[in-house]
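> I'd like to ask you about the structure that follows.
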Amino acid sequence: MENLYDVIVLGGGPAGLTAGIYLSRSKMKTLIVDTGSTGGQMNLTDKVVNYPGVLEGSGAEIAFTMRRQAQNFGCRIIVQAEISELDIGGKIKKIKIEDEGEFSARAVIIATGGIPRTLGLPSESKFKGKGISFCATCDGDFFTGKNIAVIGGGNSAIEEAVSLTKYAKQVTVIHEFDHFQAHAWAVSEAEKNPKINFLMEQTVTEFLGEDNLEAVVSVHKKTGKETRTEVSGVFLFIGYVPNTSMFKNIVKMNEREEIITDELMKTDVEGVFAAGDVRQKRYRQITTSVADGTIAAISATEYLSQQ
């Protein structure tokens, strides 16, 4: 009975950790399973200033605190897990983890988040880790005093462009539209920064260099004019792909392979809930993931009380 839980939470980002906190505090025997390290995409954010109650802190620091909270309430956490079998369609949900064994629970919360979206260019894979990065916090200081580019126009792209000016000599923001999707205050801060310039309505076509990245080539969408921007690094912030491949043909998804839930985070499978960036939703912030995790945990607790 040691490996029998009330709830198994798949994913240890802000949604999964929050679910773990609420479940464990409600005396639900809870297991969080993460295929990486806890924190998810939150770990990639250098500075969080809009999380209520936190004046300023890194995403990794917030994740560490969340993990400690969950563990203090009795939640077990397995990281770097290699999931070999998954059966969550029945009354009892089962999961097998290499080197750990089989675990079962009466309910599951899917909070597996997503991975950074890529452009899909052949030259992109060549320079991953050799100039192309998806994490300003991890790699920003490698480009101290150098010219870099940020590709994207959402909140992450604009906020991290500002953050990267701490290291870079010049930051060029390359965006495919003539306007940004980021919040107005974030755009205003970037526009006022003398280290940042903008290339708008651009389609990135190629990355150039020998052993390491040396330039990015883009084409203006209306005029067709080609621009070569000399850079030592490029940071991509163009969205994410939900980590839902293991749940295909199990729970209902939309055309973008995001899990469909109702407002209580219930999926179309009894006893299976989803929370955070893995589910169909419009807004994706740490706060929205935390809210999802809270609702999913309360819903799962209510579900179990009725069994």
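Ordering of the structure tokens sets the chain letters (A, B, ...), residue numbers begin anew at 1 in every chain, and ligands are numbered from 1 in the order given.
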List as an MDAnalysis selection string the protein and nucleic acid residues near segment 200-205 of chain A, meaning an atom at most 8 Å away when only C-alpha atoms are counted, but skip any in the same chain fewer than 3 places from it.
chainID A and resid 121 174:179 216:222
> Show me, as number ranges by chain, the residues that have an atom within 8 Å of Val150 of chain A when counting only C-alpha atoms, minus same-chain residues fewer than 2 positions from it.
A: 148, 152, 157, 161, 171-174, 234-237
> Could you give me, as a PDB file with C-alpha atoms, in the first residue's frame, the residues within 10 Å of segment 85-96 of chain A, counting only C-alpha atoms and dropping anything in the same chain fewer than 5 positions from it?

```pdb
ATOM      1  CA  LEU A   4      -1.005   3.847  -3.304  1.00  0.00           C
ATOM      2  CA  TYR A   5      -1.877   7.543  -3.191  1.00  0.00           C
ATOM      3  CA  ASP A   6      -5.022   9.611  -3.108  1.00  0.00           C
ATOM      4  CA  VAL A   7      -3.764  11.858  -5.901  1.00  0.00           C
ATOM      5  CA  ILE A   8      -0.829  11.768  -8.277  1.00  0.00           C
ATOM      6  CA  LEU A  10       1.995  14.878 -13.051  1.00  0.00           C
ATOM      7  CA  VAL A  33       6.028  13.383 -10.467  1.00  0.00           C
ATOM      8  CA  GLY A 101       8.318   1.221  -9.486  1.00  0.00           C
ATOM      9  CA  GLU A 102       4.557   1.393 -10.010  1.00  0.00           C
ATOM     10  CA  PHE A 103       2.329   3.945  -8.320  1.00  0.00           C
ATOM     11  CA  SER A 104      -1.436   4.187  -8.234  1.00  0.00           C
ATOM     12  CA  ALA A 105      -4.015   6.730  -7.131  1.00  0.00           C
ATOM     13  CA  ARG A 106      -7.739   7.384  -7.227  1.00  0.00           C
ATOM     14  CA  ALA A 107      -7.273  10.723  -8.989  1.00  0.00           C
ATOM     15  CA  VAL A 108      -4.703  12.386 -11.230  1.00  0.00           C
ATOM     16  CA  MET A 246       1.563  10.870 -23.430  1.00  0.00           C
ATOM     17  CA  PHE A 247      -2.126  11.706 -22.969  1.00  0.00           C
ATOM     18  CA  ASN A 249      -6.312   9.164 -26.987  1.00  0.00           C
ATOM     19  CA  ILE A 250      -6.844   9.361 -23.213  1.00  0.00           C
ATOM     20  CA  VAL A 251      -8.239  12.841 -22.565  1.00  0.00           C
ATOM     21  CA  VAL A 269     -12.163  11.320 -17.960  1.00  0.00           C
ATOM     22  CA  GLU A 270     -13.517  10.658 -14.488  1.00  0.00           C
ATOM     23  CA  GLY A 271     -10.975  11.392 -11.784  1.00  0.00           C
ATOM     24  CA  VAL A 272      -8.580  13.156 -14.152  1.00  0.00           C
TER      25      VAL A 272
END
```
> Identify which of the residues A:Ser123, A:Asn243, A:Thr229, A:Ser26 lies closest to Ser299 of chain A, counting only C-alpha atoms when measuring atom-to-atom distances.
A:Ser26
> Between A:Asn43, A:Ser24, A:Gln69, A:Thr165, which is the closest to Phe134 of chain A once you count only C-alpha atoms?
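Once distances to Phe134 of chain A are computed over only C-alpha atoms, the minimum belongs to A:Asn43.
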> Figure out the distance between atom CA of Met42 of chain A and atom CA of Asn193 of chain A, please, to one decimal in Å.
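Result for atom CA of Asn193 of chain A versus atom CA of Met42 of chain A: 24.5 Å, one decimal.
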> What are the DSSP strand (DSSP E or B) residues of segment 40-265 of chain A, as an MDAnalysis selection string?
chainID A and resid 48 57 76:78 83:87 93:97 101:110 114:116 128 132:133 147:151 170:174 196:199 202:209 213:220 226:230 233:236 240:242 253 259
> Segment 73-77 of chain A: which residues within 6 Å, counting only C-alpha atoms, same-chain residues fewer than 5 positions away excluded, as a ChimeraX atom specification?
/A:24-25,30-32
> List as JSON lines every residue of segment 13-51 of chain A that is in contact with segment 276-287 of chain A, defined as an atom at most 9 Å from one of its atoms (using only C-alpha atoms), together with the nearest atom pair and the distance in Å rounded to one decimal, sorted by chain and then rising number.

```
{"residue": "A:Gly13", "atom": "CA", "partner": "A:Gly276", "partner_atom": "CA", "distance": 8.3}
{"residue": "A:Pro14", "atom": "CA", "partner": "A:Ile286", "partner_atom": "CA", "distance": 6.4}
{"residue": "A:Ala15", "atom": "CA", "partner": "A:Gly276", "partner_atom": "CA", "distance": 5.2}
{"residue": "A:Gly16", "atom": "CA", "partner": "A:Gly276", "partner_atom": "CA", "distance": 7.9}
{"residue": "A:Met42", "atom": "CA", "partner": "A:Ile286", "partner_atom": "CA", "distance": 7.1}
{"residue": "A:Asn50", "atom": "CA", "partner": "A:Thr287", "partner_atom": "CA", "distance": 8.7}
{"residue": "A:Tyr51", "atom": "CA", "partner": "A:Thr287", "partner_atom": "CA", "distance": 6.7}
```
> Give me the residues near Val79 of chain A as a VMD selection string, where near means some atom within 9 Å (using only C-alpha atoms) and where sequence neighbours in that chain fewer than 5 positions away do not count.
chain A and resid 12 32 to 38
> For Asp141 of chain A, find every residue with an atom within 12 Å (counting only C-alpha atoms), except residues of its own chain fewer than 5 positions away, and show them as a list of chain:residue names.
A:Asp46, A:Ser133, A:Cys135, A:Ala136, A:Lys146, A:Ile148, A:Ser163, A:Leu164, A:Thr165, A:Lys166, A:Tyr167, A:Ala168, A:Lys169, A:Gly233
> Next, write the just-selected residues to a file, as a short mmCIF file (atom, residue, chain, number, x, y, z; two decimals), in the first residue's frame, keeping C-alpha atoms as the atom set.

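Dumped to again-v1.cif:
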```cif
data_model
loop_
_atom_site.label_atom_id
_atom_site.label_comp_id
_atom_site.auth_asym_id
_atom_site.auth_seq_id
_atom_site.Cartn_x
_atom_site.Cartn_y
_atom_site.Cartn_z
CA ASP A 46 14.99 35.96 -14.14
CA SER A 133 18.99 29.80 -26.13
CA CYS A 135 16.55 30.82 -21.09
CA ALA A 136 17.77 34.32 -20.31
CA LYS A 146 28.02 41.25 -26.89
CA ILE A 148 22.21 39.60 -29.06
CA SER A 163 16.53 41.76 -18.41
CA LEU A 164 19.22 40.83 -20.94
CA THR A 165 20.41 44.43 -21.20
CA LYS A 166 22.17 43.79 -17.88
CA TYR A 167 24.65 41.71 -19.85
CA ALA A 168 24.47 42.58 -23.53
CA LYS A 169 25.95 45.52 -25.37
CA GLY A 233 23.36 35.02 -29.29
#
```
> I'd like the interatomic distance between atom CA of Gly59 of chain A and atom CA of Ile158 of chain A, to a tenth of an Å.
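Taking atom CA of Gly59 of chain A and atom CA of Ile158 of chain A, their separation equals 16.5 Å.
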